[in-house]
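Colleague: Dropping in coords-v4.csv, with CSV, C-alpha atoms and all ligand atoms.
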```
chain,number,residue,atom,x,y,z
A,4,MET,CA,23.2,-11.6,-2.5
A,5,ARG,CA,22.2,-8.5,-0.5
A,6,ILE,CA,22.8,-5.2,-2.4
A,7,PRO,CA,23.9,-2.5,0.1
A,8,ILE,CA,21.6,0.5,0.5
A,9,ILE,CA,23.0,3.8,1.7
A,10,ALA,CA,20.4,6.4,2.5
A,11,GLY,CA,20.8,10.1,3.4
A,12,ASN,CA,18.3,11.3,6.0
A,13,TRP,CA,18.3,15.1,5.6
A,14,LYS,CA,15.9,15.6,8.5
A,15,MET,CA,14.5,19.2,8.6
A,16,ASN,CA,17.3,20.7,6.4
A,17,LYS,CA,17.6,22.2,2.9
A,18,ASN,CA,15.2,24.4,1.0
A,19,LYS,CA,14.5,24.2,-2.7
A,20,GLU,CA,17.6,26.1,-3.8
A,21,GLU,CA,19.9,24.1,-1.4
A,22,THR,CA,18.3,20.8,-2.6
A,23,LYS,CA,19.0,21.7,-6.2
A,24,LYS,CA,22.6,22.7,-5.5
A,25,PHE,CA,23.3,19.5,-3.6
A,26,LEU,CA,21.7,17.1,-6.1
A,27,GLU,CA,23.1,18.8,-9.3
A,28,GLU,CA,26.6,18.2,-7.8
A,29,PHE,CA,25.9,14.8,-6.2
A,30,LYS,CA,24.4,13.3,-9.4
A,31,THR,CA,27.6,14.0,-11.3
A,32,LEU,CA,29.7,12.4,-8.6
A,33,VAL,CA,27.5,9.3,-8.1
A,34,GLY,CA,27.4,7.9,-11.7
A,35,ASP,CA,26.3,4.3,-11.9
A,36,SER,CA,26.7,3.2,-8.3
A,37,GLU,CA,26.9,-0.5,-7.6
A,38,ILE,CA,24.9,0.0,-4.4
A,39,GLU,CA,21.5,1.6,-4.0
A,40,VAL,CA,21.7,5.3,-3.0
A,41,VAL,CA,18.6,6.9,-1.5
A,42,ILE,CA,18.1,10.6,-0.6
A,43,CYS,CA,15.4,11.4,1.9
A,44,PRO,CA,14.7,15.1,1.9
A,45,SER,CA,11.8,17.1,3.4
A,46,PHE,CA,8.3,16.7,1.9
A,47,THR,CA,8.5,20.2,0.6
A,48,VAL,CA,11.3,19.4,-1.8
A,49,LEU,CA,10.4,15.9,-2.8
A,50,ASP,CA,8.9,17.1,-6.1
A,51,SER,CA,11.9,19.2,-7.2
A,52,ALA,CA,14.3,16.5,-6.0
A,53,SER,CA,12.4,13.9,-8.0
A,54,GLN,CA,12.8,16.0,-11.2
A,55,ILE,CA,16.5,16.6,-10.7
A,56,ILE,CA,17.4,12.9,-10.0
A,57,ASP,CA,15.1,11.6,-12.8
A,58,LYS,CA,17.1,9.1,-15.0
A,59,THR,CA,19.9,8.8,-12.5
A,60,SER,CA,20.6,5.9,-10.2
A,61,ILE,CA,19.6,7.9,-7.1
A,62,LYS,CA,16.4,6.9,-5.5
A,63,LEU,CA,14.0,9.0,-3.5
A,64,GLY,CA,12.8,8.4,0.1
A,65,ALA,CA,10.5,10.3,2.5
A,66,GLN,CA,11.1,10.7,6.2
A,67,ASN,CA,7.6,9.9,7.4
A,68,MET,CA,4.0,9.2,6.1
A,69,SER,CA,0.5,8.7,7.3
A,70,TRP,CA,-1.1,5.2,7.6
A,71,GLU,CA,-4.3,6.8,6.3
A,72,GLU,CA,-5.1,6.9,2.6
A,73,ASP,CA,-6.9,10.3,2.5
A,74,GLY,CA,-9.4,12.4,4.3
A,75,ALA,CA,-9.6,14.7,7.3
A,76,PHE,CA,-6.0,14.3,8.7
A,77,THR,CA,-4.7,17.9,8.8
A,78,GLY,CA,-0.9,18.1,8.3
A,79,GLU,CA,-0.5,14.5,7.2
A,80,VAL,CA,1.0,13.2,3.9
A,81,SER,CA,-0.4,10.0,2.4
A,82,PRO,CA,1.5,7.1,0.7
A,83,ASP,CA,-0.2,7.8,-2.6
A,84,MET,CA,1.0,11.4,-2.4
A,85,LEU,CA,4.5,10.1,-2.0
A,86,LEU,CA,4.1,7.6,-4.9
A,87,ASP,CA,2.8,10.4,-7.1
A,88,LEU,CA,6.2,12.2,-6.7
A,89,GLY,CA,8.3,9.1,-7.5
A,90,VAL,CA,9.1,8.2,-3.9
A,91,GLU,CA,10.2,4.6,-3.4
A,92,PHE,CA,11.4,4.4,0.2
A,93,VAL,CA,10.0,5.8,3.5
A,94,ILE,CA,11.8,6.1,6.9
A,95,LEU,CA,9.4,5.0,9.6
A,96,GLY,CA,9.8,5.1,13.4
A,97,HIS,CA,13.0,7.2,13.5
A,98,SER,CA,14.0,7.8,17.1
A,99,GLU,CA,13.3,11.5,16.7
A,100,ARG,CA,9.7,10.7,15.8
A,101,ARG,CA,9.5,8.2,18.6
A,102,GLN,CA,11.0,10.5,21.2
A,103,ILE,CA,10.0,14.1,20.2
A,104,PHE,CA,6.7,13.3,18.5
A,105,ASN,CA,5.6,10.4,20.7
A,106,GLU,CA,5.2,7.9,17.9
A,107,THR,CA,4.3,4.5,19.4
A,108,ASP,CA,5.2,1.1,18.1
A,109,ASP,CA,1.5,0.5,17.3
A,110,ARG,CA,1.3,3.6,15.0
A,111,ILE,CA,4.7,2.9,13.4
A,112,ASN,CA,3.5,-0.6,12.7
A,113,LYS,CA,0.3,0.7,11.0
A,114,LYS,CA,2.6,2.8,8.8
A,115,VAL,CA,4.9,-0.1,7.9
A,116,VAL,CA,1.8,-2.2,7.0
A,117,LYS,CA,0.4,0.6,4.8
A,118,ALA,CA,3.7,1.4,3.1
A,119,LEU,CA,4.1,-2.3,2.1
A,120,GLU,CA,0.5,-2.4,0.9
A,121,LYS,CA,1.3,0.5,-1.4
A,122,GLY,CA,4.6,-0.8,-2.7
A,123,LEU,CA,6.8,1.6,-0.7
A,124,ARG,CA,9.9,0.2,1.0
A,125,PRO,CA,9.9,1.0,4.7
A,126,ILE,CA,13.1,1.8,6.4
A,127,LEU,CA,12.1,0.8,9.9
A,128,CYS,CA,14.3,2.3,12.6
A,129,VAL,CA,15.0,0.6,15.8
A,130,GLY,CA,17.5,1.2,18.6
A,131,GLU,CA,18.1,1.6,22.3
A,132,THR,CA,18.8,4.7,24.4
A,133,LEU,CA,22.0,5.1,26.4
A,134,GLU,CA,20.2,4.3,29.6
A,135,GLU,CA,18.8,1.1,28.0
A,136,ARG,CA,22.3,0.1,26.8
A,137,GLU,CA,23.9,0.8,30.1
A,138,GLY,CA,21.1,-1.1,31.8
A,139,GLU,CA,21.9,-4.1,29.5
A,140,ARG,CA,18.4,-3.9,28.0
A,141,ALA,CA,19.5,-3.0,24.4
A,142,PHE,CA,18.6,-6.4,23.0
A,143,ASP,CA,15.3,-6.6,24.7
A,144,VAL,CA,14.3,-3.1,23.5
A,145,VAL,CA,15.2,-3.8,19.9
A,146,ARG,CA,13.5,-7.2,20.1
A,147,ASP,CA,10.3,-5.5,21.3
A,148,GLN,CA,10.5,-2.8,18.6
A,149,LEU,CA,11.0,-5.5,15.9
A,150,ILE,CA,8.1,-7.7,17.0
A,151,LYS,CA,5.7,-4.8,17.2
A,152,GLY,CA,7.0,-3.3,14.0
A,153,PHE,CA,6.6,-6.5,12.0
A,154,LYS,CA,3.1,-7.3,13.4
A,155,SER,CA,0.6,-8.4,10.7
A,156,ILE,CA,3.2,-8.4,8.0
A,157,ASN,CA,3.3,-11.5,5.9
A,158,GLU,CA,6.4,-13.4,4.9
A,159,LYS,CA,6.1,-12.3,1.2
A,160,ASN,CA,6.5,-8.7,2.2
A,161,ALA,CA,8.8,-9.0,5.2
A,162,SER,CA,12.1,-8.9,3.2
A,163,LYS,CA,11.0,-5.6,1.6
A,164,VAL,CA,11.4,-4.0,5.0
A,165,ILE,CA,14.8,-2.5,5.6
A,166,ILE,CA,15.8,-2.4,9.2
A,167,ALA,CA,17.9,0.6,10.3
A,168,TYR,CA,19.6,-0.1,13.6
A,169,GLU,CA,20.3,3.3,15.1
A,170,PRO,CA,21.4,3.4,18.7
A,171,VAL,CA,19.8,6.6,20.0
A,172,TRP,CA,22.9,7.7,21.8
A,173,ALA,CA,24.9,7.6,18.6
A,174,ILE,CA,22.6,9.9,16.5
A,175,GLY,CA,24.0,13.3,15.9
A,176,THR,CA,26.4,13.0,18.8
A,177,GLY,CA,29.6,12.1,17.0
A,178,LYS,CA,29.7,8.9,19.0
A,179,THR,CA,29.4,5.7,16.9
A,180,ALA,CA,28.8,2.2,18.1
A,181,SER,CA,31.9,0.1,17.6
A,182,PRO,CA,31.6,-1.8,14.3
A,183,GLU,CA,31.6,-5.0,16.4
A,184,ASP,CA,28.8,-3.9,18.7
A,185,ALA,CA,26.8,-2.6,15.7
A,186,ASN,CA,27.3,-6.0,14.0
A,187,GLU,CA,26.3,-7.9,17.1
A,188,MET,CA,23.0,-6.1,17.1
A,189,ALA,CA,22.6,-6.5,13.4
A,190,ALA,CA,23.2,-10.3,13.7
A,191,TYR,CA,20.7,-10.4,16.5
A,192,ILE,CA,18.1,-8.6,14.4
A,193,ARG,CA,18.7,-11.1,11.6
A,194,SER,CA,18.2,-14.0,14.0
A,195,MET,CA,15.0,-12.4,15.3
A,196,VAL,CA,13.7,-12.2,11.7
A,197,ALA,CA,14.6,-15.8,11.1
A,198,GLU,CA,12.5,-16.6,14.3
A,199,ILE,CA,9.5,-14.4,13.2
A,200,PHE,CA,9.5,-15.4,9.6
A,201,SER,CA,12.2,-17.8,8.2
A,202,GLU,CA,15.9,-18.3,7.7
A,203,GLU,CA,15.4,-17.5,4.0
A,204,ILE,CA,13.7,-14.1,4.7
A,205,SER,CA,16.4,-13.2,7.3
A,206,GLU,CA,19.1,-13.9,4.7
A,207,GLU,CA,17.5,-11.4,2.3
A,208,LEU,CA,16.9,-8.7,4.9
A,209,ILE,CA,18.8,-5.5,4.5
A,210,ILE,CA,20.1,-4.1,7.8
A,211,GLN,CA,21.5,-0.7,8.0
A,212,TYR,CA,23.5,0.9,10.7
A,213,GLY,CA,22.8,4.6,11.6
A,214,GLY,CA,24.4,7.0,14.1
A,215,SER,CA,27.2,9.3,13.3
A,216,VAL,CA,28.3,7.5,10.1
A,217,LYS,CA,30.9,9.5,8.3
A,218,PRO,CA,33.6,9.1,5.7
A,219,GLY,CA,36.1,8.1,8.3
A,220,ASN,CA,34.2,5.2,9.8
A,221,VAL,CA,31.9,3.9,7.1
A,222,GLU,CA,34.3,1.3,5.7
A,223,ASP,CA,34.7,-0.5,9.1
A,224,ILE,CA,31.0,-0.5,9.5
A,225,MET,CA,30.2,-1.7,6.0
A,226,ASN,CA,32.8,-4.5,6.3
A,227,GLN,CA,30.8,-6.1,9.1
A,228,THR,CA,29.1,-9.4,8.0
A,229,ASP,CA,25.5,-8.5,9.0
A,230,ILE,CA,25.5,-4.8,8.1
A,231,ASP,CA,24.3,-4.0,4.6
A,232,GLY,CA,24.1,-0.3,4.5
A,233,ALA,CA,23.9,2.9,6.4
A,234,LEU,CA,21.3,5.6,7.3
A,235,VAL,CA,23.3,8.8,7.4
A,236,GLY,CA,22.1,12.1,8.9
A,237,GLY,CA,24.6,14.9,9.3
A,238,ALA,CA,27.2,13.6,6.8
A,239,SER,CA,24.6,13.3,4.0
A,240,LEU,CA,24.1,17.0,3.8
A,241,GLU,CA,27.4,17.7,1.9
A,242,PRO,CA,27.8,16.1,-1.5
A,243,LYS,CA,31.5,15.5,-1.0
A,244,ASP,CA,31.0,13.7,2.4
A,245,PHE,CA,28.1,11.7,1.2
A,246,ILE,CA,29.9,10.5,-2.0
A,247,GLU,CA,32.8,9.4,0.1
A,248,ILE,CA,30.4,7.4,2.2
A,249,VAL,CA,28.7,5.9,-0.9
A,250,ASN,CA,32.1,5.0,-2.4
A,251,PHE,CA,33.3,3.4,0.9
B,1,LIG,P1,23.5,11.1,12.2
B,1,LIG,O1,21.9,10.8,12.0
B,1,LIG,O2,24.2,10.4,11.1
B,1,LIG,O3,23.5,12.6,12.1
B,1,LIG,O4,23.9,10.6,13.5
B,1,LIG,C1,21.5,9.5,11.7
B,1,LIG,C2,20.0,9.4,11.7
B,1,LIG,O5,19.4,10.0,12.5
B,1,LIG,O6,19.4,8.7,10.8
```
Please lay out the structure from this file as structure tokens.

Modeller:
Amino acid sequence: MRIPIIAGNWKMNKNKEETKKFLEEFKTLVGDSEIEVVICPSFTVLDSASQIIDKTSIKLGAQNMSWEEDGAFTGEVSPDMLLDLGVEFVILGHSERRQIFNETDDRINKKVVKALEKGLRPILCVGETLEEREGERAFDVVRDQLIKGFKSINEKNASKVIIAYEPVWAIGTGKTASPEDANEMAAYIRSMVAEIFSEEISEELIIQYGGSVKPGNVEDIMNQTDIDGALVGGASLEPKDFIEIVNF
């Protein structure tokens, strides 16, 4: 049985004080959740967040990492540095990193490989742009991102990867893919993973939907057969919104 994972991607928001305020409130609301709840704040507050959520059911994720272990890589953060702070998950290949910071599939794949080697669970983001959807290329684009993202990953590790299907046109825009369209892509992703690895691995795979998930639409999305969670941006910034999403 797949246990749903709902992750909050705070992006470049919240300083130390704001993080403390959010988490002190959120941890009293979340209790012993039946699903996995992950908060992904900025690097600068991972340490304080880690201390506040210690001994709660809330897990910690980062929004990016280097594929290198250490050395002369100015501005980068290594997987060991994340592990040192109690981080268990890492978002990789988010469309903002692909589009604004020119991250390539090849580099994203190196990060996925390194994260797995270190025991971090990657949340690998895939998704098409509006132009690609309108040009009926959405499935080809996602297929390509998946094949490249999973390169050199062995079957043993494959099911530890979480796939977040995030249509780029739905991120931060208030537009959500219809639950049926999101599920169609999630089912396609699962069938691709069955093709690349095996039916068994594909059945274990957690597939999240991301893109304007909010309290009002989460239930319909989570009720879809192939969607096992959500990657939430804007609506994860307020404890009351995020808890409504978690308790869908
Ligand atoms: P959004 O962001 O929920 O604000 O659309 C989702 C994401 O980018 O992961």

Colleague: Return as a ChimeraX atom specification the residues of protein, DNA or RNA that approach ligand LIG 1 (chain B) to within 7 Å, with all atoms listed in the file taken into account.

Modeller: /A:12,169,173-177,213-216,234-238

Colleague: Which residue, A:Leu127, A:Met4, A:Gly122, A:Ile61, has the smallest gap to Gly96 (chain A) when you use only C-alpha atoms?

Modeller: A:Leu127

Colleague: Within 6 Å of (23.3, -1.0, 8.4), all atoms listed in the file: residues as number ranges by chain?

Modeller: A: 167, 210-212, 230-233

Colleague: Using only C-alpha atoms, which residue out of A:Glu27, A:Asp73, A:Asp108, A:Glu198 lies closest to Lys154 (chain A)?

Modeller: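 For Lys154 (chain A), the nearest of the candidates is A:Asp108.
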
Colleague: For Ala65 (chain A), find every residue with an atom within 12 Å (counting only C-alpha atoms), except residues of its own chain fewer than 6 positions away, and show them as a VMD selection string.

Modeller: chain A and resid 10 to 15 41 to 50 52 to 53 80 to 82 84 to 86 88 to 95 97 118 123 to 126

Colleague: Choose the residue, out of A:Val145, A:Ile103, A:Val221, A:Ile55, that has the smallest atom-to-atom separation from Lys19 (chain A); count all atoms listed in the file.

Modeller: A:Ile55

Colleague: Counting only C-alpha atoms, which residue out of A:Val116, A:Lys159, A:Met188, A:Glu202 sits closest to Asp143 (chain A)?

Modeller: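 Nearest to Asp143 (chain A): A:Met188.
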
Colleague: Which residue is closest to Glu207 (chain A)? Choose from A:Ile6, A:Leu32, A:Ile248, A:Ile38 and count only C-alpha atoms.

Modeller: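 Distance minimum relative to Glu207 (chain A) lands on A:Ile6.
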
Colleague: Rounded to one decimal in Å, what is the spacing between CA of Val115 (chain A) and CA of Glu187 (chain A)?

Modeller: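 CA of Val115 (chain A) sits 24.6 Å away from CA of Glu187 (chain A).
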
Colleague: With all atoms listed in the file as the basis for distance, which of A:Val40, A:Val171, A:Ala180, A:Ile199 is at the shortest distance from Lys151 (chain A)?

Modeller: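 For Lys151 (chain A), the nearest of the given residues is A:Ile199.
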
Colleague: Go ahead and compute the interatomic distance for CA of Asn160 (chain A) and CA of Lys113 (chain A), in Å to one decimal.

Modeller: 14.3 Å

Colleague: I'd like the contact shell of Ser51 (chain A) - 9 Å cut-off, all atoms listed in the file, skipping same-chain residues fewer than 5 positions apart - returned as a list of chain:residue names.

Modeller: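 In the requested format, the answer is A:Lys19, A:Thr22, A:Lys23, A:Ile56.
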